[in-house]
file target_28.txt (compact mmCIF, C-alpha atoms and all ligand atoms)
# COMPACT_ATOMS: atom_id res chain seq x y z
CA MET A 1 30.60 -57.66 -38.65
CA SER A 2 31.98 -58.58 -42.01
CA ILE A 3 32.30 -62.33 -41.39
CA LEU A 4 28.61 -62.64 -40.74
CA LEU A 5 27.57 -60.09 -43.37
CA GLU A 6 29.81 -61.47 -46.11
CA GLY A 7 28.57 -64.95 -45.39
CA ARG A 8 24.88 -63.94 -45.38
CA PHE A 9 22.61 -66.76 -46.46
CA LYS A 10 19.79 -66.12 -48.90
CA GLU A 11 16.14 -66.19 -47.88
CA LEU A 12 14.60 -69.52 -48.87
CA PRO A 13 11.67 -69.71 -51.31
CA PRO A 14 8.33 -71.10 -50.03
CA ASP A 15 9.24 -74.67 -51.08
CA LYS A 16 12.44 -74.35 -48.99
CA SER A 17 14.65 -75.51 -51.86
CA ILE A 18 18.26 -74.49 -51.45
CA ASP A 19 20.07 -73.10 -54.47
CA THR A 20 23.37 -74.98 -54.60
CA LYS A 21 25.50 -72.17 -55.99
CA ALA A 22 24.19 -69.57 -53.52
CA PHE A 23 24.66 -72.02 -50.64
CA LEU A 24 28.23 -72.80 -51.67
CA ASP A 25 29.03 -69.10 -52.05
CA SER A 26 27.77 -68.31 -48.54
CA VAL A 27 29.23 -71.32 -46.78
CA SER A 28 32.65 -70.94 -48.43
CA ARG A 29 33.17 -67.60 -46.73
CA LEU A 30 32.85 -69.06 -43.27
CA PRO A 31 35.94 -71.25 -42.74
CA ALA A 32 38.27 -68.22 -42.87
CA PHE A 33 36.81 -67.36 -39.49
CA PHE A 34 38.85 -70.14 -37.88
CA ASP A 35 42.01 -68.17 -38.63
CA CYS A 36 40.76 -65.45 -36.28
CA LEU A 37 40.43 -67.89 -33.39
CA GLY A 38 44.18 -68.06 -32.91
CA SER A 39 44.81 -71.72 -32.15
CA SER A 40 46.08 -74.47 -34.45
CA VAL A 41 43.56 -76.90 -32.96
CA PHE A 42 40.95 -75.20 -35.13
CA SER A 43 42.83 -76.05 -38.31
CA VAL A 44 41.64 -79.68 -38.02
CA ILE A 45 38.05 -78.49 -37.98
CA LYS A 46 38.65 -75.97 -40.75
CA SER A 47 40.17 -78.61 -42.99
CA ASP A 48 37.30 -81.06 -42.37
CA ILE A 49 34.72 -78.39 -43.23
CA ASN A 50 36.67 -77.20 -46.27
CA GLY A 51 36.84 -80.82 -47.44
CA ASN A 52 33.05 -81.10 -47.21
CA ILE A 53 32.54 -77.89 -49.16
CA THR A 54 35.04 -78.89 -51.86
CA LYS A 55 33.36 -82.25 -52.30
CA ILE A 56 29.93 -80.67 -52.77
CA ARG A 57 31.35 -78.03 -55.11
CA ASN A 58 33.09 -80.66 -57.27
CA VAL A 59 29.85 -82.58 -57.73
CA TYR A 60 27.96 -79.36 -58.49
CA GLU A 61 30.51 -78.19 -61.06
CA LYS A 62 30.43 -81.47 -62.96
CA ASP A 63 26.92 -80.53 -64.12
CA PRO A 64 25.52 -77.27 -62.68
CA ALA A 65 22.27 -77.55 -64.67
CA LYS A 66 21.55 -80.95 -63.13
CA HIS A 67 22.47 -79.86 -59.59
CA VAL A 68 20.61 -76.58 -59.26
CA THR A 69 19.44 -77.31 -55.71
CA LEU A 70 20.98 -79.41 -52.95
CA ARG A 71 18.04 -81.77 -53.26
CA HIS A 72 18.90 -82.36 -56.93
CA ILE A 73 22.38 -83.47 -55.84
CA LEU A 74 21.07 -85.96 -53.28
CA GLU A 75 18.52 -87.38 -55.70
CA ALA A 76 21.08 -87.71 -58.51
CA GLU A 77 23.54 -89.49 -56.21
CA ARG A 78 20.81 -91.79 -54.88
CA GLU A 79 20.15 -92.83 -58.47
CA GLU A 80 23.83 -93.10 -59.37
CA HIS A 81 25.19 -94.93 -56.32
CA ARG A 82 22.18 -97.00 -55.19
CA GLY A 83 23.66 -99.55 -52.73
CA GLU A 84 26.35 -97.22 -51.41
CA TRP A 85 24.06 -94.22 -50.95
CA PRO A 86 23.82 -92.20 -48.68
CA LYS A 87 27.35 -92.91 -47.39
CA VAL A 88 28.93 -91.50 -50.51
CA GLY A 89 29.88 -88.35 -52.41
CA ALA A 90 28.34 -84.96 -51.76
CA THR A 91 25.49 -86.61 -49.83
CA LEU A 92 27.95 -87.71 -47.15
CA ALA A 93 29.86 -84.42 -47.25
CA LEU A 94 26.67 -82.39 -46.74
CA MET A 95 25.51 -84.73 -44.00
CA TRP A 96 28.61 -83.87 -41.97
CA LEU A 97 28.72 -80.22 -43.03
CA LYS A 98 25.18 -79.67 -41.79
CA ARG A 99 26.23 -80.93 -38.34
CA GLY A 100 29.02 -78.36 -38.19
CA LEU A 101 26.59 -75.70 -39.38
CA ARG A 102 24.09 -76.76 -36.69
CA PHE A 103 26.87 -76.49 -34.10
CA ILE A 104 27.57 -72.90 -35.20
CA GLN A 105 23.85 -72.09 -35.19
CA ILE A 106 23.30 -73.32 -31.63
CA LEU A 107 26.46 -71.60 -30.40
CA LEU A 108 25.52 -68.24 -31.95
CA GLN A 109 21.86 -68.54 -30.85
CA SER A 110 22.93 -69.30 -27.30
CA LEU A 111 25.18 -66.20 -27.28
CA ALA A 112 22.42 -64.08 -28.83
CA ASP A 113 20.01 -65.32 -26.16
CA GLY A 114 22.42 -64.14 -23.46
CA GLU A 115 23.10 -67.59 -22.02
CA ARG A 116 26.24 -67.56 -19.93
CA ASP A 117 27.92 -68.96 -16.84
CA GLU A 118 27.31 -66.26 -14.22
CA ASN A 119 30.52 -67.26 -12.43
CA LYS A 120 32.59 -66.92 -15.60
CA PRO A 121 30.77 -64.30 -17.66
CA ASN A 122 33.58 -63.85 -20.17
CA TYR A 123 33.78 -67.57 -21.03
CA ILE A 124 31.80 -69.25 -23.80
CA HIS A 125 32.30 -72.83 -22.61
CA THR A 126 28.64 -73.15 -21.58
CA ASN A 127 27.53 -72.09 -25.06
CA ILE A 128 30.05 -74.34 -26.82
CA LYS A 129 29.15 -77.37 -24.71
CA LYS A 130 25.46 -76.87 -25.43
CA ALA A 131 26.15 -76.70 -29.17
CA TYR A 132 28.41 -79.75 -29.05
CA GLU A 133 25.95 -81.86 -27.07
CA GLN A 134 23.05 -81.03 -29.37
CA ALA A 135 24.80 -81.10 -32.75
CA LEU A 136 27.83 -83.37 -32.71
CA LYS A 137 28.54 -85.42 -29.60
CA ARG A 138 26.38 -88.42 -30.52
CA TYR A 139 28.37 -88.86 -33.74
CA HIS A 140 31.75 -88.83 -31.99
CA GLY A 141 33.54 -91.72 -30.36
CA TRP A 142 35.94 -91.38 -27.45
CA VAL A 143 38.95 -90.09 -29.40
CA VAL A 144 37.11 -87.30 -31.23
CA GLN A 145 35.40 -86.28 -27.99
CA LYS A 146 38.94 -85.76 -26.62
CA VAL A 147 39.69 -83.53 -29.63
CA PHE A 148 36.62 -81.53 -28.69
CA GLN A 149 37.92 -81.15 -25.13
CA ALA A 150 41.24 -79.90 -26.49
CA ALA A 151 39.40 -77.40 -28.71
CA LEU A 152 37.44 -76.26 -25.66
CA LEU A 153 40.69 -75.40 -23.83
CA ALA A 154 41.63 -73.19 -26.79
CA ALA A 155 38.23 -71.44 -26.87
CA PRO A 156 38.51 -67.65 -26.98
CA TYR A 157 37.07 -65.37 -24.34
CA ARG A 158 33.56 -64.15 -25.09
CA SER A 159 34.74 -60.58 -25.67
CA ASN A 160 37.47 -61.73 -28.08
CA PHE A 161 35.08 -64.04 -29.88
CA LEU A 162 32.56 -61.23 -30.44
CA LYS A 163 35.39 -58.97 -31.57
CA ALA A 164 36.56 -61.62 -34.04
CA LEU A 165 33.01 -61.88 -35.39
CA SER A 166 33.13 -58.11 -35.90
CA ASN A 167 36.40 -58.56 -37.77
CA GLY A 168 38.26 -56.59 -35.10
CA GLU A 169 36.14 -53.49 -35.65
CA GLU A 170 35.23 -51.36 -32.66
CA THR A 171 31.56 -52.03 -32.03
CA THR A 172 29.39 -52.51 -29.00
CA GLU A 173 28.49 -55.98 -27.78
CA ASP A 174 24.79 -55.19 -28.31
CA ASP A 175 25.44 -54.19 -31.93
CA CYS A 176 27.42 -57.35 -32.55
CA LEU A 177 24.73 -59.57 -31.04
CA GLU A 178 22.07 -57.80 -33.10
CA LYS A 179 24.05 -58.62 -36.27
CA VAL A 180 24.33 -62.22 -35.06
CA ARG A 181 20.52 -62.35 -34.72
CA GLN A 182 20.11 -60.97 -38.25
CA PHE A 183 22.58 -63.51 -39.60
CA LEU A 184 20.75 -66.34 -37.85
CA VAL A 185 17.39 -65.73 -39.56
CA ASN A 186 18.23 -67.12 -43.03
CA TYR A 187 21.09 -69.25 -41.71
CA THR A 188 18.84 -71.17 -39.31
CA ALA A 189 16.14 -71.59 -41.97
CA THR A 190 18.75 -73.04 -44.35
CA VAL A 191 20.19 -75.47 -41.80
CA ASP A 192 16.68 -76.57 -40.76
CA ALA A 193 15.77 -77.15 -44.41
CA ILE A 194 18.85 -79.33 -44.94
CA TYR A 195 17.96 -81.41 -41.88
CA GLU A 196 14.37 -81.78 -43.11
CA MET A 197 15.61 -82.89 -46.52
CA TYR A 198 17.82 -85.60 -44.99
CA THR A 199 14.90 -86.87 -42.94
CA HIS A 200 12.52 -86.78 -45.87
CA LEU A 201 14.92 -88.60 -48.22
CA ASN A 202 15.92 -91.04 -45.47
CA ALA A 203 19.55 -89.99 -46.00
CA GLU A 204 20.59 -89.55 -42.37
CA LEU A 205 23.15 -91.94 -40.87
CA ASP A 206 24.05 -92.17 -37.20
CA TYR A 207 27.40 -93.97 -37.16
CA THR A 208 30.18 -92.54 -34.99
CA VAL A 209 33.71 -91.53 -36.02
C1 LIG B 301 34.78 -71.49 -30.61
C2 LIG B 301 35.19 -72.83 -30.09
C3 LIG B 301 34.68 -73.95 -30.85
C4 LIG B 301 35.05 -75.33 -30.37
C5 LIG B 301 34.66 -76.29 -31.41
C6 LIG B 301 34.72 -77.73 -31.10
C7 LIG B 301 34.06 -78.53 -32.16
C8 LIG B 301 34.24 -79.99 -32.11
C9 LIG B 301 35.57 -80.54 -32.48
C10 LIG B 301 35.53 -81.87 -33.01
C11 LIG B 301 36.71 -82.19 -33.89
C12 LIG B 301 36.29 -82.53 -35.26
C13 LIG B 301 37.41 -83.04 -36.10
C14 LIG B 301 36.91 -83.77 -37.29
C15 LIG B 301 36.16 -84.87 -37.15
C16 LIG B 301 35.71 -85.67 -38.35
O1 LIG B 301 36.22 -86.99 -38.22
C17 LIG B 301 34.20 -85.76 -38.39
C18 LIG B 301 33.75 -86.71 -39.49
O2 LIG B 301 34.22 -86.25 -40.71
C19 LIG B 301 33.58 -86.79 -41.85
C20 LIG B 301 34.08 -85.99 -43.03
O3 LIG B 301 33.66 -84.64 -42.90
O4 LIG B 301 33.91 -88.16 -41.97
C21 LIG B 301 33.29 -88.77 -43.14
C22 LIG B 301 33.61 -90.25 -43.15
O5 LIG B 301 32.99 -90.87 -42.07
C23 LIG B 301 33.82 -88.11 -44.40
O6 LIG B 301 35.21 -88.32 -44.53
C24 LIG B 301 33.52 -86.60 -44.32
O7 LIG B 301 34.18 -85.92 -45.35
S1 LIG B 301 33.66 -85.96 -46.85
O8 LIG B 301 32.43 -86.67 -46.94
O9 LIG B 301 33.53 -84.56 -47.25
O10 LIG B 301 34.72 -86.61 -47.57
N1 LIG B 301 33.68 -84.43 -38.64
C25 LIG B 301 32.90 -83.79 -37.74
O11 LIG B 301 32.58 -84.30 -36.70
C26 LIG B 301 32.42 -82.39 -38.10
C27 LIG B 301 33.01 -81.42 -37.13
C28 LIG B 301 32.52 -80.04 -37.39
C29 LIG B 301 32.91 -79.12 -36.28
C30 LIG B 301 32.33 -77.74 -36.49
C31 LIG B 301 32.78 -76.83 -35.43
C32 LIG B 301 32.56 -75.41 -35.80
C33 LIG B 301 33.17 -74.52 -34.78
C34 LIG B 301 32.91 -73.10 -35.13
C35 LIG B 301 33.23 -72.20 -34.00
C36 LIG B 301 33.06 -70.80 -34.34
C37 LIG B 301 31.66 -70.37 -34.62
C38 LIG B 301 31.60 -69.03 -35.17
C39 LIG B 301 30.41 -68.73 -35.87
C40 LIG B 301 30.30 -68.16 -37.07
C41 LIG B 301 31.35 -67.72 -37.91
C42 LIG B 301 31.63 -68.63 -38.99
C43 LIG B 301 32.31 -69.84 -38.57
C44 LIG B 301 32.85 -70.59 -39.68
C45 LIG B 301 32.67 -72.03 -39.58
C46 LIG B 301 32.72 -72.70 -40.86
C47 LIG B 301 31.43 -73.17 -41.37
C48 LIG B 301 31.42 -73.69 -42.72
call {"tool": "encode", "arguments": {"input": "target_28.txt", "output": "structure tokens"}}
result
Amino acid sequence: MSILLEGRFKELPPDKSIDTKAFLDSVSRLPAFFDCLGSSVFSVIKSDINGNITKIRNVYEKDPAKHVTLRHILEAEREEHRGEWPKVGATLALMWLKRGLRFIQILLQSLADGERDENKPNYIHTNIKKAYEQALKRYHGWVVQKVFQAALLAAPYRSNFLKALSNGEETTEDDCLEKVRQFLVNYTATVDAIYEMYTHLNAELDYTV
């Protein structure tokens, strides 16, 4: 289960602030997972997500003491960019990154909850479609929705997907899903906290690409 264990997210403090460095460390381990999915269609997604992470990291590294939490970054950019904000810099990158993270959360939660198409029990299309509809679809125009459909055709079988999450190790499905549930505890809290921050700072945009 190394992908999920290596990418473990930290427990949030009571004020739900997210330490930028710890967040970047955890999230940076995740894109490598796309290489295990075995189709080049995922490289588009991987590169978009890596671009988001790099943009946030570059802003953080310009002045780590000023950008200790993700909220510090948004507030600093709001001050710096005024008219352009929030469609700018790390604020924009994190806005999109959180949608990809929400997609992953809903997909993994749906698998952990045992949701599946009884007629095709080894497919994960039902889980992927649920995640897409809730996390991303409303931000995608016609062309990107077609990219999603192409990605869906390349989706791995459920058994292969769980095996990839386990890094190819021999493990039972129940063990793997239990690790997924453990991973989701801090991961979900972190993604929820990012969404709350965007709402609270009025930083959310709903344009489509
Ligand atoms: C298992 C099958 C999965 C099927 C997945 C299908 C997903 C949907 C495919 C849609 C294609 C998306 C292609 C890119 C679209 C971008 O145009 C769009 C907008 O981009 C933003 C940039 O990010 O545009 C802005 C300008 O308007 C900026 O340019 C911005 O960049 S900035 O600001 O940095 O310069 N982007 C999106 O819509 C986001 C798409 C995210 C899709 C996430 C899908 C994740 C699929 C994961 C499947 C496996 C889950 C396994 C679970 C856990 C293991 C770890 C997984 C690692 C994932 C990495 C997480 C970091």
call {"tool": "closest_residue", "arguments": {"input": "target_28.txt", "among": "A:Glu178, A:Asp206, A:Glu196, A:Asp25", "to": "Leu165 (chain A)", "atoms": "only C-alpha atoms"}}
result
A:Glu178
call {"tool": "residues_near_ligand", "arguments": {"input": "target_28.txt", "ligand": "ligand LIG 301 (chain B)", "cutoff": "6 Å", "atoms": "only C-alpha atoms and all ligand atoms", "output": "NGL selection string"}}
result
:A and (27 or 30-31 or 33 or 44-45 or 48-49 or 51-52 or 55 or 92-93 or 96 or 100-101 or 104 or 144 or 147-148 or 151-152 or 155 or 209)
call {"tool": "closest_residue", "arguments": {"input": "target_28.txt", "among": "A:Asn50, A:Asn122, A:Ser40, A:Asn202", "to": "Leu162 (chain A)", "atoms": "all atoms listed in the file"}}
result
A:Asn122
call {"tool": "atom_distance", "arguments": {"input": "target_28.txt", "atom1": "CA of Ala90 (chain A)", "atom2": "CA of Lys46 (chain A)"}}
result
17.6 Å
call {"tool": "atom_distance", "arguments": {"input": "target_28.txt", "atom1": "CA of Val68 (chain A)", "atom2": "CA of Ala135 (chain A)"}}
result
27.2 Å
call {"tool": "closest_residue", "arguments": {"input": "target_28.txt", "among": "A:Leu37, A:Ile73, A:Gly89, A:Pro156", "to": "Thr54 (chain A)", "atoms": "all atoms listed in the file"}}
result
A:Gly89
call {"tool": "residues_around", "arguments": {"input": "target_28.txt", "residues": "region 174-177 of chain A", "least_positions_apart": "3", "cutoff": "9 Å", "atoms": "only C-alpha atoms", "output": "list of chain:residue names"}}
result
A:Met1, A:Leu108, A:Leu111, A:Ala112, A:Asp113, A:Leu162, A:Lys163, A:Leu165, A:Ser166, A:Thr171, A:Val180, A:Arg181, A:Gln182
call {"tool": "closest_residue", "arguments": {"input": "target_28.txt", "among": "A:Val185, A:Val59, A:Leu5, A:Val41", "to": "Lys146 (chain A)", "atoms": "all atoms listed in the file"}}
result
A:Val41
call {"tool": "atom_distance", "arguments": {"input": "target_28.txt", "atom1": "CA of Asn167 (chain A)", "atom2": "CA of Leu107 (chain A)"}}
result
18.0 Å
